[in-house]
>>> print(open('run-v1.txt').read())   # compact mmCIF, C-alpha atoms
# COMPACT_ATOMS: atom_id res chain seq x y z
CA MET A 1 0.00 0.00 0.00
CA ALA A 2 1.15 3.50 -0.70
CA ARG A 3 0.02 4.68 2.73
CA SER A 4 -0.31 2.85 6.01
CA ARG A 5 -2.77 5.39 7.43
CA ALA A 6 -6.06 3.85 8.49
CA PRO A 7 -8.91 4.61 6.11
CA SER A 8 -11.60 7.03 7.24
CA PRO A 9 -15.09 5.76 8.16
CA GLN A 10 -16.39 7.12 4.83
CA VAL A 11 -13.76 5.22 2.87
CA LEU A 12 -14.56 2.08 4.87
CA ARG A 13 -18.25 2.42 4.00
CA VAL A 14 -17.45 2.69 0.32
CA LEU A 15 -15.04 -0.24 0.43
CA GLN A 16 -17.50 -2.42 2.31
CA ALA A 17 -20.33 -1.57 -0.08
CA LEU A 18 -18.14 -2.46 -3.03
CA ALA A 19 -16.85 -5.61 -1.31
CA ALA A 20 -20.38 -6.84 -0.57
CA ASP A 21 -20.67 -7.90 -4.21
CA PRO A 22 -17.18 -7.48 -5.65
CA VAL A 23 -17.96 -8.74 -9.12
CA ARG A 24 -20.81 -6.33 -9.77
CA TRP A 25 -20.13 -2.98 -11.44
CA ARG A 26 -21.67 -0.06 -9.56
CA TYR A 27 -22.82 3.40 -10.63
CA GLY A 28 -21.49 6.37 -8.68
CA TYR A 29 -24.92 7.78 -7.82
CA ASP A 30 -26.24 4.41 -6.63
CA LEU A 31 -23.14 3.91 -4.52
CA ALA A 32 -23.50 7.38 -2.98
CA THR A 33 -27.14 6.67 -2.13
CA GLU A 34 -26.29 3.28 -0.63
CA VAL A 35 -23.51 4.51 1.65
CA HIS A 36 -25.25 7.82 2.41
CA LEU A 37 -22.43 9.99 1.12
CA ARG A 38 -22.75 13.20 -0.84
CA SER A 39 -21.30 13.18 -4.33
CA GLY A 40 -18.70 15.71 -3.19
CA SER A 41 -17.40 13.19 -0.65
CA LEU A 42 -17.80 10.09 -2.78
CA TYR A 43 -15.90 11.15 -5.90
CA PRO A 44 -12.70 12.25 -4.10
CA ILE A 45 -12.78 8.86 -2.32
CA LEU A 46 -13.25 7.01 -5.61
CA ILE A 47 -10.42 9.02 -7.18
CA ARG A 48 -8.06 8.15 -4.32
CA LEU A 49 -9.03 4.48 -4.41
CA ALA A 50 -8.45 4.37 -8.17
CA ASP A 51 -5.08 6.13 -7.78
CA ARG A 52 -4.06 3.40 -5.33
CA ASP A 53 -5.23 0.66 -7.74
CA LEU A 54 -7.89 -0.49 -5.31
CA LEU A 55 -10.69 0.42 -7.69
CA GLU A 56 -11.24 -0.17 -11.38
CA ALA A 57 -13.57 1.84 -13.56
CA SER A 58 -15.33 1.19 -16.81
CA TRP A 59 -17.55 3.19 -19.14
CA GLU A 60 -21.09 2.15 -20.07
CA GLN A 61 -22.52 3.70 -23.20
CA GLY A 62 -25.90 5.23 -22.45
CA PRO A 63 -28.89 5.66 -24.73
CA PRO A 64 -28.48 8.05 -27.69
CA GLY A 65 -28.19 11.67 -26.57
CA ARG A 66 -26.95 10.79 -23.10
CA PRO A 67 -23.32 10.67 -22.04
CA ALA A 68 -21.61 7.46 -20.99
CA ARG A 69 -21.72 6.45 -17.32
CA HIS A 70 -18.82 5.40 -15.18
CA LEU A 71 -18.96 2.05 -13.39
CA TYR A 72 -16.81 0.94 -10.48
CA ARG A 73 -15.76 -2.21 -8.70
CA LEU A 74 -12.87 -3.34 -6.54
CA THR A 75 -9.73 -4.68 -8.16
CA SER A 76 -8.16 -7.85 -6.85
CA THR A 77 -5.79 -5.63 -4.85
CA GLY A 78 -8.81 -3.81 -3.48
CA ARG A 79 -10.48 -7.04 -2.44
CA GLU A 80 -7.29 -8.14 -0.70
CA TYR A 81 -7.09 -4.77 1.03
CA VAL A 82 -10.65 -5.06 2.34
CA ALA A 83 -9.94 -8.61 3.52
CA LEU A 84 -6.85 -7.33 5.35
CA LEU A 85 -8.88 -4.57 6.95
CA ASP A 86 -11.52 -7.05 8.08
CA ALA A 87 -8.84 -9.34 9.49
CA ALA A 88 -7.18 -6.45 11.32
CA ARG A 89 -10.51 -5.40 12.79
CA ALA A 90 -11.24 -8.94 13.91
CA THR A 91 -7.80 -9.16 15.56
CA ARG A 92 -8.39 -5.88 17.39
CA SER A 93 -11.80 -6.95 18.63
CA THR A 94 -10.76 -10.42 19.84
CA PRO A 95 -8.80 -9.40 22.96
CA ARG A 96 -11.53 -6.93 23.84
CA ARG A 97 -14.04 -9.75 23.87
CA GLY A 98 -11.62 -11.81 25.91
CA LEU A 99 -11.38 -9.03 28.46
CA GLY A 100 -15.10 -8.63 28.47
CA LEU A 101 -14.89 -5.04 27.17
CA SER A 102 -17.29 -5.49 24.31
CA GLY A 103 -20.23 -5.94 26.61
CA ALA A 104 -21.16 -9.20 24.94
CA GLN A 105 -22.34 -12.06 27.20
CA MET B 1 -2.16 65.33 -25.33
CA ALA B 2 -2.43 63.31 -22.14
CA VAL B 3 -6.22 63.15 -22.08
CA PRO B 4 -6.75 61.94 -25.67
CA VAL B 5 -4.01 59.32 -25.26
CA GLY B 6 -5.58 58.03 -22.05
CA ALA B 7 -8.99 57.95 -23.70
CA LEU B 8 -7.57 56.14 -26.72
CA SER B 9 -5.93 53.57 -24.50
CA THR B 10 -9.13 52.98 -22.58
CA LEU B 11 -11.12 52.73 -25.80
CA ALA B 12 -8.64 50.26 -27.25
CA VAL B 13 -8.77 48.13 -24.09
CA LEU B 14 -12.55 48.11 -24.22
CA LEU B 15 -12.51 47.16 -27.92
CA LEU B 16 -10.09 44.34 -27.23
CA CYS B 17 -12.31 43.06 -24.41
CA ILE B 18 -15.39 43.21 -26.63
CA ALA B 19 -13.55 41.37 -29.41
CA GLY B 20 -12.56 38.68 -26.93
CA VAL B 21 -16.10 38.33 -25.63
CA VAL B 22 -17.48 38.07 -29.17
CA MET B 23 -14.97 35.41 -30.13
CA TRP B 24 -15.65 33.50 -26.95
CA SER B 25 -19.41 33.68 -27.36
CA LEU B 26 -19.09 32.39 -30.92
CA ASP B 27 -17.34 29.35 -29.52
CA HIS B 28 -19.98 28.87 -26.86
CA SER B 29 -23.17 29.61 -28.75
CA PRO B 30 -26.20 27.46 -27.84
CA ASP B 31 -25.79 25.50 -31.07
CA ASN B 32 -22.40 24.29 -29.91
CA ALA B 33 -23.21 23.77 -26.24
CA PRO B 34 -23.55 20.14 -25.23
CA GLY B 35 -26.50 19.03 -23.15
CA LYS B 36 -29.93 20.50 -22.73
CA ALA B 37 -30.46 24.23 -23.00
CA GLY B 38 -31.38 25.89 -19.70
CA ASP B 39 -30.30 22.89 -17.61
CA ARG B 40 -28.67 24.82 -14.81
CA PRO B 41 -27.24 21.92 -12.78
CA LEU B 42 -25.65 20.61 -15.96
CA ARG B 43 -24.23 24.00 -16.87
CA LEU B 44 -22.90 24.55 -13.36
CA LEU B 45 -21.25 21.13 -13.29
CA GLN B 46 -19.85 21.65 -16.80
CA TRP B 47 -18.27 24.86 -15.53
CA ALA B 48 -16.89 23.16 -12.43
CA VAL B 49 -15.38 20.07 -14.07
CA VAL B 50 -13.02 22.19 -16.15
CA LEU B 51 -11.32 23.08 -12.86
CA LEU B 52 -10.28 19.48 -12.34
CA PRO B 53 -6.63 18.61 -12.94
CA ALA B 54 -5.85 17.31 -16.40
CA ASP B 55 -5.30 13.76 -15.15
CA GLN B 56 -8.77 13.75 -13.57
CA GLU B 57 -10.75 14.94 -16.56
CA SER B 58 -12.38 11.53 -16.97
CA TRP B 59 -13.79 11.92 -13.45
CA GLY B 60 -15.47 15.11 -14.57
CA GLU B 61 -17.01 13.23 -17.48
CA ALA B 62 -18.11 10.55 -15.00
CA MET B 63 -19.88 13.17 -12.89
CA LEU B 64 -21.59 14.63 -15.95
CA GLY B 65 -22.65 11.16 -17.09
CA GLU B 66 -24.07 10.41 -13.67
CA LEU B 67 -25.91 13.73 -13.54
CA ALA B 68 -27.50 12.98 -16.91
CA SER B 69 -28.93 9.75 -15.49
CA ILE B 70 -30.75 11.52 -12.64
CA ASP B 71 -34.23 12.74 -13.56
CA ASP B 72 -35.51 14.30 -10.34
CA GLN B 73 -34.58 18.00 -10.38
CA SER B 74 -33.94 18.35 -6.64
CA LYS B 75 -31.70 15.26 -6.68
CA ARG B 76 -29.91 16.66 -9.72
CA TRP B 77 -29.21 19.88 -7.82
CA ARG B 78 -27.98 17.98 -4.74
CA PHE B 79 -25.70 15.79 -6.84
CA CYS B 80 -24.42 18.76 -8.82
CA LEU B 81 -23.71 20.94 -5.78
CA GLY B 82 -21.99 18.06 -4.01
CA CYS B 83 -19.71 17.52 -7.00
CA VAL B 84 -18.96 21.24 -7.29
CA VAL B 85 -17.98 21.44 -3.62
CA GLY B 86 -15.84 18.32 -3.99
CA ILE B 87 -14.06 19.79 -7.01
CA LEU B 88 -13.45 23.17 -5.42
CA PHE B 89 -12.10 21.87 -2.15
CA GLN B 90 -10.05 18.88 -3.17
CA PRO B 91 -6.30 19.26 -2.67
CA PRO B 92 -4.46 21.08 -5.45
CA TRP B 93 -2.43 19.19 -8.03
CA THR B 94 0.60 21.35 -7.89
CA PRO B 95 3.78 20.69 -5.89
CA ILE B 96 3.71 22.30 -2.49
CA GLY B 97 6.13 25.15 -3.36
CA PRO B 98 3.90 27.55 -5.33
CA THR B 99 0.89 26.80 -3.11
CA ALA B 100 2.94 27.49 0.01
CA VAL B 101 4.37 30.75 -1.37
CA LEU B 102 0.98 32.09 -2.42
CA GLY B 103 -0.64 30.87 0.81
CA ALA B 104 2.09 32.58 2.82
CA ALA B 105 1.59 35.80 0.83
CA ALA B 106 -2.17 35.73 1.49
CA LEU B 107 -1.76 34.88 5.16
CA GLY B 108 1.06 37.38 5.59
CA SER B 109 -0.94 40.20 4.07
CA LEU B 110 -3.88 39.40 6.36
CA VAL B 111 -1.58 39.44 9.39
CA VAL B 112 -0.02 42.78 8.34
CA LEU B 113 -3.48 44.20 7.62
CA GLY B 114 -4.69 43.15 11.07
CA ALA B 115 -1.57 44.47 12.77
CA GLY B 116 -1.84 47.79 10.94
CA PHE B 117 -5.53 47.98 11.76
CA ILE B 118 -4.76 47.67 15.48
CA HIS B 119 -1.50 49.63 15.56
CA PHE B 120 -2.87 52.71 13.77
CA GLY B 121 -6.12 52.76 15.78
CA LEU B 122 -8.46 52.09 12.87
CA ALA B 123 -10.70 49.87 15.00
CA SER B 124 -12.48 52.87 16.52
CA ASN B 125 -14.13 53.75 13.22
CA PRO B 126 -16.99 51.40 12.16
CA TRP B 127 -16.37 52.13 8.48
CA GLU B 128 -12.82 50.83 8.84
CA TRP B 129 -14.27 47.50 9.92
CA VAL B 130 -16.27 47.40 6.69
CA GLN B 131 -13.14 48.17 4.70
CA LEU B 132 -11.21 45.49 6.57
CA ALA B 133 -13.94 42.95 5.80
CA VAL B 134 -13.85 43.87 2.10
CA LEU B 135 -10.07 43.57 2.01
CA ILE B 136 -10.19 40.16 3.69
CA ILE B 137 -12.77 38.97 1.16
CA LEU B 138 -10.56 40.23 -1.68
CA VAL B 139 -7.47 38.45 -0.33
CA VAL B 140 -9.31 35.18 0.29
CA GLY B 141 -11.03 35.34 -3.10
CA THR B 142 -7.77 35.99 -4.92
CA ALA B 143 -6.06 33.18 -3.01
CA ALA B 144 -8.90 30.79 -3.88
CA THR B 145 -8.63 31.76 -7.56
CA ALA B 146 -4.90 31.08 -7.53
CA ARG B 147 -5.34 27.78 -5.70
CA ILE B 148 -7.88 26.48 -8.21
CA SER B 149 -5.75 27.60 -11.17
CA LEU B 150 -2.70 25.81 -9.75
CA ARG B 151 -4.28 22.44 -10.44
CA ARG B 152 -3.47 22.39 -14.15
CA PRO B 153 0.09 21.45 -15.10
CA THR B 154 -0.23 23.10 -18.52
CA VAL B 155 -1.39 26.31 -16.89
CA THR B 156 0.81 26.46 -13.82
CA GLY B 157 4.23 26.97 -15.37
CA LEU B 158 3.34 29.80 -17.74
CA GLY B 159 0.94 31.44 -15.31
CA LEU B 160 3.46 31.51 -12.47
CA VAL B 161 6.35 32.67 -14.66
CA ASP B 162 4.22 35.50 -15.95
CA GLY B 163 3.11 36.32 -12.42
CA VAL B 164 6.76 36.66 -11.45
CA VAL B 165 7.35 38.93 -14.46
CA VAL B 166 4.47 41.18 -13.34
CA VAL B 167 5.84 41.30 -9.78
CA ILE B 168 9.30 42.26 -11.08
CA MET B 169 7.76 44.96 -13.29
CA CYS B 170 5.73 46.39 -10.41
CA VAL B 171 8.74 46.45 -8.09
CA ALA B 172 10.90 48.00 -10.81
CA TYR B 173 8.28 50.69 -11.48
CA SER B 174 8.34 51.54 -7.78
CA HIS B 175 12.10 52.26 -8.02
CA LEU B 176 12.50 49.90 -5.05
CA THR B 177 10.87 52.37 -2.67
CA PHE B 178 8.00 51.89 -0.24
CA VAL B 179 6.42 55.10 -1.51
CA GLY B 180 6.52 53.77 -5.06
CA ILE B 181 4.73 50.58 -3.99
CA VAL B 182 2.10 52.43 -1.96
CA ASN B 183 1.40 54.87 -4.83
CA PRO B 184 1.49 52.58 -7.85
CA ILE B 185 -0.53 54.97 -9.99
CA ASN B 186 2.08 57.69 -9.60
CA SER B 187 5.07 55.39 -9.94
CA MET B 188 3.73 53.66 -13.04
CA GLY B 189 2.52 56.83 -14.67
CA ASP B 190 -0.95 55.76 -15.66
CA TRP B 191 -3.59 53.09 -15.03
CA SER B 192 -3.49 52.32 -18.71
CA ASN B 193 0.20 51.38 -18.63
CA PRO B 194 0.31 49.45 -21.90
CA ALA B 195 3.18 47.09 -21.13
CA LEU B 196 1.82 45.90 -17.78
CA PHE B 197 -1.90 45.97 -18.43
CA ILE B 198 -2.04 45.04 -22.11
CA GLY B 199 1.24 43.69 -23.46
CA ILE B 200 2.07 41.08 -20.82
CA PRO B 201 -1.41 39.53 -20.47
CA LEU B 202 -1.98 39.62 -24.23
CA ILE B 203 1.27 37.78 -24.91
CA LEU B 204 0.65 35.33 -22.06
CA GLY B 205 -2.87 34.50 -23.26
CA ALA B 206 -1.66 34.07 -26.83
CA VAL B 207 1.36 31.91 -25.99
CA SER B 208 -0.56 29.74 -23.52
CA ALA B 209 -3.45 29.20 -25.92
CA TRP B 210 -1.07 28.30 -28.73
CA ARG B 211 0.97 25.90 -26.59
CA GLY B 212 -2.00 24.44 -24.73
CA GLY B 213 -4.02 23.92 -27.90
CA ASN B 214 -7.12 25.83 -26.80
CA ALA B 215 -8.29 29.19 -25.48
CA LEU B 216 -9.14 27.84 -22.01
CA VAL B 217 -5.46 27.23 -21.23
CA GLY B 218 -4.60 30.83 -22.08
CA GLN B 219 -7.53 32.13 -20.08
CA ARG B 220 -6.55 30.12 -17.01
CA ALA B 221 -2.85 30.96 -17.26
CA ALA B 222 -3.67 34.67 -17.42
CA ARG B 223 -6.02 34.30 -14.44
CA LEU B 224 -3.31 32.54 -12.44
CA ALA B 225 -0.73 35.17 -13.39
CA GLY B 226 -3.05 37.95 -12.26
CA ALA B 227 -4.02 36.27 -9.00
CA SER B 228 -0.49 35.18 -8.05
CA SER B 229 1.15 38.51 -8.86
CA GLY B 230 -1.70 40.38 -7.18
CA LEU B 231 -1.34 38.39 -3.96
CA ILE B 232 2.41 38.83 -3.75
CA MET B 233 2.28 42.52 -4.61
CA PHE B 234 -0.51 43.11 -2.11
CA PHE B 235 1.61 41.48 0.59
CA ILE B 236 4.53 43.74 -0.34
CA GLY B 237 2.09 46.67 -0.50
CA THR B 238 0.70 46.12 3.01
CA ILE B 239 4.23 45.92 4.42
CA SER B 240 5.10 49.13 2.60
CA VAL B 241 2.01 50.90 3.96
CA VAL B 242 2.86 49.96 7.53
CA ALA B 243 6.57 50.75 7.07
CA ILE B 244 5.96 54.37 6.01
CA ASP B 245 2.77 55.03 8.02
CA GLY B 246 0.68 55.20 4.86
CA GLY B 247 3.11 57.42 2.96
CA PRO B 248 2.29 60.85 1.52
CA ARG B 249 -1.23 61.99 2.38
CA ASN B 250 -3.52 64.93 1.87
CA PRO B 251 -2.84 68.00 4.03
CA GLY B 252 -4.79 67.75 7.26
CA ALA B 253 -5.29 64.01 7.04
CA GLY B 254 -4.14 62.06 10.07
CA ILE B 255 -1.90 59.02 10.09
CA ALA B 256 -4.85 56.65 10.55
CA GLY B 257 -6.68 58.15 7.58
CA GLY B 258 -3.54 57.97 5.45
CA VAL B 259 -2.94 54.33 6.34
CA SER B 260 -6.56 53.43 5.64
CA GLU B 261 -6.45 55.13 2.25
CA ALA B 262 -3.12 53.52 1.39
CA PHE B 263 -4.48 50.04 2.21
CA SER B 264 -7.40 50.76 -0.12
CA ASN B 265 -5.08 52.01 -2.86
CA VAL B 266 -2.84 48.96 -2.86
CA ALA B 267 -5.88 46.67 -2.74
CA MET B 268 -7.53 48.47 -5.64
CA PHE B 269 -4.41 48.27 -7.72
CA PHE B 270 -2.97 44.87 -6.85
CA LEU B 271 -6.07 42.83 -5.97
CA ILE B 272 -8.53 44.31 -8.45
CA SER B 273 -6.88 46.14 -11.35
CA ILE B 274 -4.02 43.75 -12.05
CA PRO B 275 -5.97 40.46 -11.72
CA LEU B 276 -8.88 41.84 -13.74
CA SER B 277 -6.76 43.27 -16.53
CA MET B 278 -4.62 40.13 -16.67
CA ALA B 279 -7.70 37.92 -16.86
CA THR B 280 -9.64 39.93 -19.43
CA ILE B 281 -6.79 40.93 -21.73
CA GLY B 282 -5.26 37.46 -21.42
CA TRP B 283 -8.63 36.03 -22.37
CA VAL B 284 -8.72 38.26 -25.45
CA GLY B 285 -5.24 37.14 -26.49
CA ALA B 286 -6.11 33.50 -25.91
CA ALA B 287 -9.42 33.64 -27.77
CA ALA B 288 -7.91 35.48 -30.74
CA THR B 289 -4.97 33.08 -30.93
CA ASP B 290 -7.23 30.07 -30.69
CA ARG B 291 -9.42 31.34 -33.51
CA ILE B 292 -6.43 31.99 -35.72
CA ARG B 293 -4.82 28.66 -34.85
CA ARG B 294 -7.98 26.73 -35.63
CA ALA B 295 -8.50 28.67 -38.85
CA VAL B 296 -4.95 27.87 -39.91
CA VAL B 297 -5.42 24.19 -39.07
CA ALA B 298 -8.78 24.07 -40.88
CA HIS B 299 -7.27 25.82 -43.86
CA LYS B 300 -4.45 23.31 -44.04
CA GLN B 301 -6.90 20.42 -43.83
CA LEU B 302 -9.16 21.85 -46.52
CA VAL B 303 -6.34 22.47 -48.96
CA PRO B 304 -4.08 19.44 -48.76
CA LEU B 305 -1.44 19.99 -51.40
CA GLY B 306 -0.01 16.83 -52.87
CA PRO B 307 3.46 16.46 -54.35
CA GLU B 308 2.22 18.03 -57.57
CA GLY B 309 0.22 20.72 -55.79
CA VAL B 310 -3.10 19.04 -56.57
CA THR B 311 -5.96 19.79 -54.16
CA GLY B 312 -7.71 16.79 -52.67
CA GLY B 313 -11.44 16.63 -53.43
CA VAL B 314 -12.61 19.87 -51.79
CA SER B 315 -15.18 22.03 -53.52
CA GLU B 316 -14.01 25.42 -54.69
CA GLY B 317 -16.83 27.18 -52.85
CA VAL B 318 -15.87 25.79 -49.44
CA ARG B 319 -12.19 26.48 -50.05
CA SER B 320 -12.72 30.09 -51.13
CA ARG B 321 -14.98 30.75 -48.13
CA SER B 322 -12.38 29.29 -45.80
CA THR B 323 -9.71 31.48 -47.38
CA ALA B 324 -11.90 34.56 -46.99
CA VAL B 325 -12.58 33.80 -43.32
CA LEU B 326 -8.91 33.20 -42.67
CA THR B 327 -7.99 36.45 -44.38
CA LEU B 328 -10.59 38.31 -42.33
CA ARG B 329 -9.30 36.87 -39.07
CA VAL B 330 -5.67 37.50 -39.84
CA GLY B 331 -6.63 41.04 -40.88
CA SER B 332 -8.45 41.56 -37.58
CA ALA B 333 -5.46 40.33 -35.63
CA ILE B 334 -3.13 42.64 -37.55
CA ALA B 335 -5.51 45.56 -36.95
CA MET B 336 -5.50 44.80 -33.21
CA LEU B 337 -1.72 44.67 -33.13
CA ALA B 338 -1.54 47.92 -35.08
CA ALA B 339 -3.90 49.54 -32.59
CA LEU B 340 -1.70 48.35 -29.74
CA ALA B 341 1.43 49.59 -31.46
CA LEU B 342 -0.24 52.98 -31.97
CA ILE B 343 -1.15 53.18 -28.29
CA VAL B 344 2.39 52.34 -27.23
CA PHE B 345 3.78 54.88 -29.72
CA LEU B 346 1.47 57.64 -28.45
CA ARG B 347 2.12 56.70 -24.86
CA PHE B 348 5.88 57.06 -25.03
>>> encode(input="run-v1.txt", output="structure tokens")
Amino acid sequence: MARSRAPSPQVLRVLQALAADPVRWRYGYDLATEVHLRSGSLYPILIRLADRDLLEASWEQGPPGRPARHLYRLTSTGREYVALLDAARATRSTPRRGLGLSGAQ
Amino acid sequence: MAVPVGALSTLAVLLLCIAGVVMWSLDHSPDNAPGKAGDRPLRLLQWAVVLLPADQESWGEAMLGELASIDDQSKRWRFCLGCVVGILFQPPWTPIGPTAVLGAAALGSLVVLGAGFIHFGLASNPWEWVQLAVLIILVVGTAATARISLRRPTVTGLGLVDGVVVVIMCVAYSHLTFVGIVNPINSMGDWSNPALFIGIPLILGAVSAWRGGNALVGQRAARLAGASSGLIMFFIGTISVVAIDGGPRNPGAGIAGGVSEAFSNVAMFFLISIPLSMATIGWVGAAATDRIRRAVVAHKQLVPLGPEGVTGGVSEGVRSRSTAVLTLRVGSAIAMLAALALIVFLRF
């Protein structure tokens, strides 16, 4: 990874939404609606993810008279990254459960 | 002689601006505009996406494509405004150096303004607060203009170099004195100084448009040059005002009044006159150059001469019209240059 800084909650929401069905291509507006982000927050996130090769984009030709739409999905690197994040989160939460800090049981 | 020359210069500047506006509007007539007429979210987003860095242009197209797929007008507005905010406030493309220098100039001038405001006792007058607010808005607005313009690699180099040239010219005109900086109108001789207000932006707009391949590059480079030079000169100007207690003032005027007036003068000159003249005259140069460049390219494509000088399948009518248009445009450009040369000749 280019940066080791932990992703923001907004970035995590986008990554998790994309990782929920990693094969499916997603429209930007639908993604923004799903993760409850404004377009002004979503697109900078998508740009950064694409710059880090975590996201791939494709164009879909629209009906005549309408411009093409951009579609997004995670790359294999992106899927690995999300898996690593999930694993790291699970590791962090395990000792807390062991110490009884999570409130569970 | 002075009055007619000044009037001629002003008239010529106005004519050049009008010519630029006409050329620009021809390029952006409704027939040529993409998308639906009167679609304000689309037009706003189309305006905003041109501010994206060159390597992110496809993201602008993605936003426009997404906007076109939304039918509900209120959702279109929300999506459009969100994208515009995202574009305006994303980090700049440029290396940190120019951004830091211009940011320091803006911040420094605000600090000096505030210090002068307190030190010279301007706070007791409510109208001085209004003036301070206006000056702060001008500084922040100019800094924001420069920051947005810094995102384009094709624009940044030429725009900043020209900004430096303008700063050097302004400092040279002041004869390296604080008084010269605080009274730019006196030190430069006239508001219609042809080299600073016409020559430099015209050349910058023309060169940038030619190198960048379209008028927008020239327009943006000129805007960056005006904003960057204005910010730096205003910073120098505020320091000069404080250093000489406002400089020469009207008989009977106190130090506070002189300082207040001097702050206004340097703001008017460096934050309004220079950026505006750079932007508008640079725009004229860029638009004119782009028209000529495209006419030349179209002319070459219409009259492809083979090894034997045979024309390639173009009707005579189209070719003669193209030649006439090209001649007209070149003639207009020569007339503009002649007008400029006349102004410079009369001026000196």
>>> atom_distance(input="run-v1.txt", atom1="atom CA of B:Gly205", atom2="atom CA of B:Val165")
14.2 Å
>>> residues_near_point(input="run-v1.txt", point="(-10.0, -3.8, -3.4)", cutoff="10 Å", atoms="only C-alpha atoms", output="number ranges by chain")
A: 15-16, 18-19, 22, 49-50, 52-56, 73-84
>>> interface_residues(input="run-v1.txt", of="chain A", to="chain B", cutoff="8 Å", atoms="all atoms listed in the file", output="list in words")
Tyr27, Gly28, Tyr29, Arg38, Ser39, Gly40, Ser41, Tyr43, Pro44, Ile47, Arg66, Pro67, Ala68, Arg69 and His70 of chain A
>>> axis_aligned_box(input="run-v1.txt", around="stretch 32-44 of chain A", padding_each_side="3 Å", output="lines of an AutoDock Vina configuration file")
center_x = -19.9
center_y = 9.5
center_z = -1.7
size_x = 20.4
size_y = 18.4
size_z = 14.3
>>> atom_distance(input="run-v1.txt", atom1="atom CA of B:Ala215", atom2="atom CA of B:Val155")
11.4 Å
>>> closest_residue(input="run-v1.txt", among="B:Val296, B:Leu150, B:Val139, B:Ala206", to="B:Phe235", atoms="all atoms listed in the file")
B:Val139
>>> residues_around(input="run-v1.txt", residues="A:Tyr72", least_positions_apart="4", cutoff="6 Å", atoms="only C-alpha atoms", output="JSON, numbers by chain")
{"A": [25, 26, 56, 57]}
>>> write_last_selection(input="run-v1.txt", atoms="C-alpha atoms", output="short mmCIF file (atom, residue, chain, number, x, y, z; two decimals), in the frame of the given file")
data_model
loop_
_atom_site.label_atom_id
_atom_site.label_comp_id
_atom_site.auth_asym_id
_atom_site.auth_seq_id
_atom_site.Cartn_x
_atom_site.Cartn_y
_atom_site.Cartn_z
CA TRP A 25 -20.13 -2.98 -11.44
CA ARG A 26 -21.67 -0.06 -9.56
CA GLU A 56 -11.24 -0.17 -11.38
CA ALA A 57 -13.57 1.84 -13.56
#
>>> atom_distance(input="run-v1.txt", atom1="atom CA of B:Leu196", atom2="atom CA of B:Ser208")
17.3 Å
>>> closest_residue(input="run-v1.txt", among="B:Ala243, B:Ile274, B:Ile118, B:Ala295", to="B:Leu231", atoms="only C-alpha atoms")
B:Ile274
>>> closest_residue(input="run-v1.txt", among="A:Leu71, A:Ala6, A:Ala32, A:Leu46", to="A:Trp59", atoms="only C-alpha atoms")
A:Leu71
>>> build_atoms(input="run-v1.txt", residues="stretch 12-23 of chain A", atoms="N, CA and C atoms", output="CSV table (one decimal), keeping the file's coordinate frame")
chain,number,residue,atom,x,y,z
A,12,LEU,N,-14.2,3.5,4.5
A,12,LEU,CA,-14.6,2.1,4.9
A,12,LEU,C,-15.9,1.7,4.4
A,13,ARG,N,-16.9,2.7,4.5
A,13,ARG,CA,-18.2,2.4,4.0
A,13,ARG,C,-18.3,2.1,2.5
A,14,VAL,N,-17.5,2.9,1.8
A,14,VAL,CA,-17.4,2.7,0.3
A,14,VAL,C,-16.8,1.3,0.0
A,15,LEU,N,-15.7,1.0,0.7
A,15,LEU,CA,-15.0,-0.2,0.4
A,15,LEU,C,-15.9,-1.4,0.8
A,16,GLN,N,-16.6,-1.3,1.9
A,16,GLN,CA,-17.5,-2.4,2.3
A,16,GLN,C,-18.7,-2.6,1.4
A,17,ALA,N,-19.2,-1.5,0.9
A,17,ALA,CA,-20.3,-1.6,-0.1
A,17,ALA,C,-19.9,-2.2,-1.4
A,18,LEU,N,-18.7,-1.9,-1.8
A,18,LEU,CA,-18.1,-2.5,-3.0
A,18,LEU,C,-17.8,-3.9,-2.8
A,19,ALA,N,-17.3,-4.2,-1.6
A,19,ALA,CA,-16.8,-5.6,-1.3
A,19,ALA,C,-18.0,-6.5,-1.1
A,20,ALA,N,-19.2,-6.0,-0.8
A,20,ALA,CA,-20.4,-6.8,-0.6
A,20,ALA,C,-20.7,-7.7,-1.8
A,21,ASP,N,-20.5,-7.1,-3.0
A,21,ASP,CA,-20.7,-7.9,-4.2
A,21,ASP,C,-19.5,-7.5,-5.2
A,22,PRO,N,-18.4,-8.0,-5.0
A,22,PRO,CA,-17.2,-7.5,-5.6
A,22,PRO,C,-17.2,-7.6,-7.2
A,23,VAL,N,-18.0,-8.5,-7.7
A,23,VAL,CA,-18.0,-8.7,-9.1
A,23,VAL,C,-18.8,-7.7,-9.8
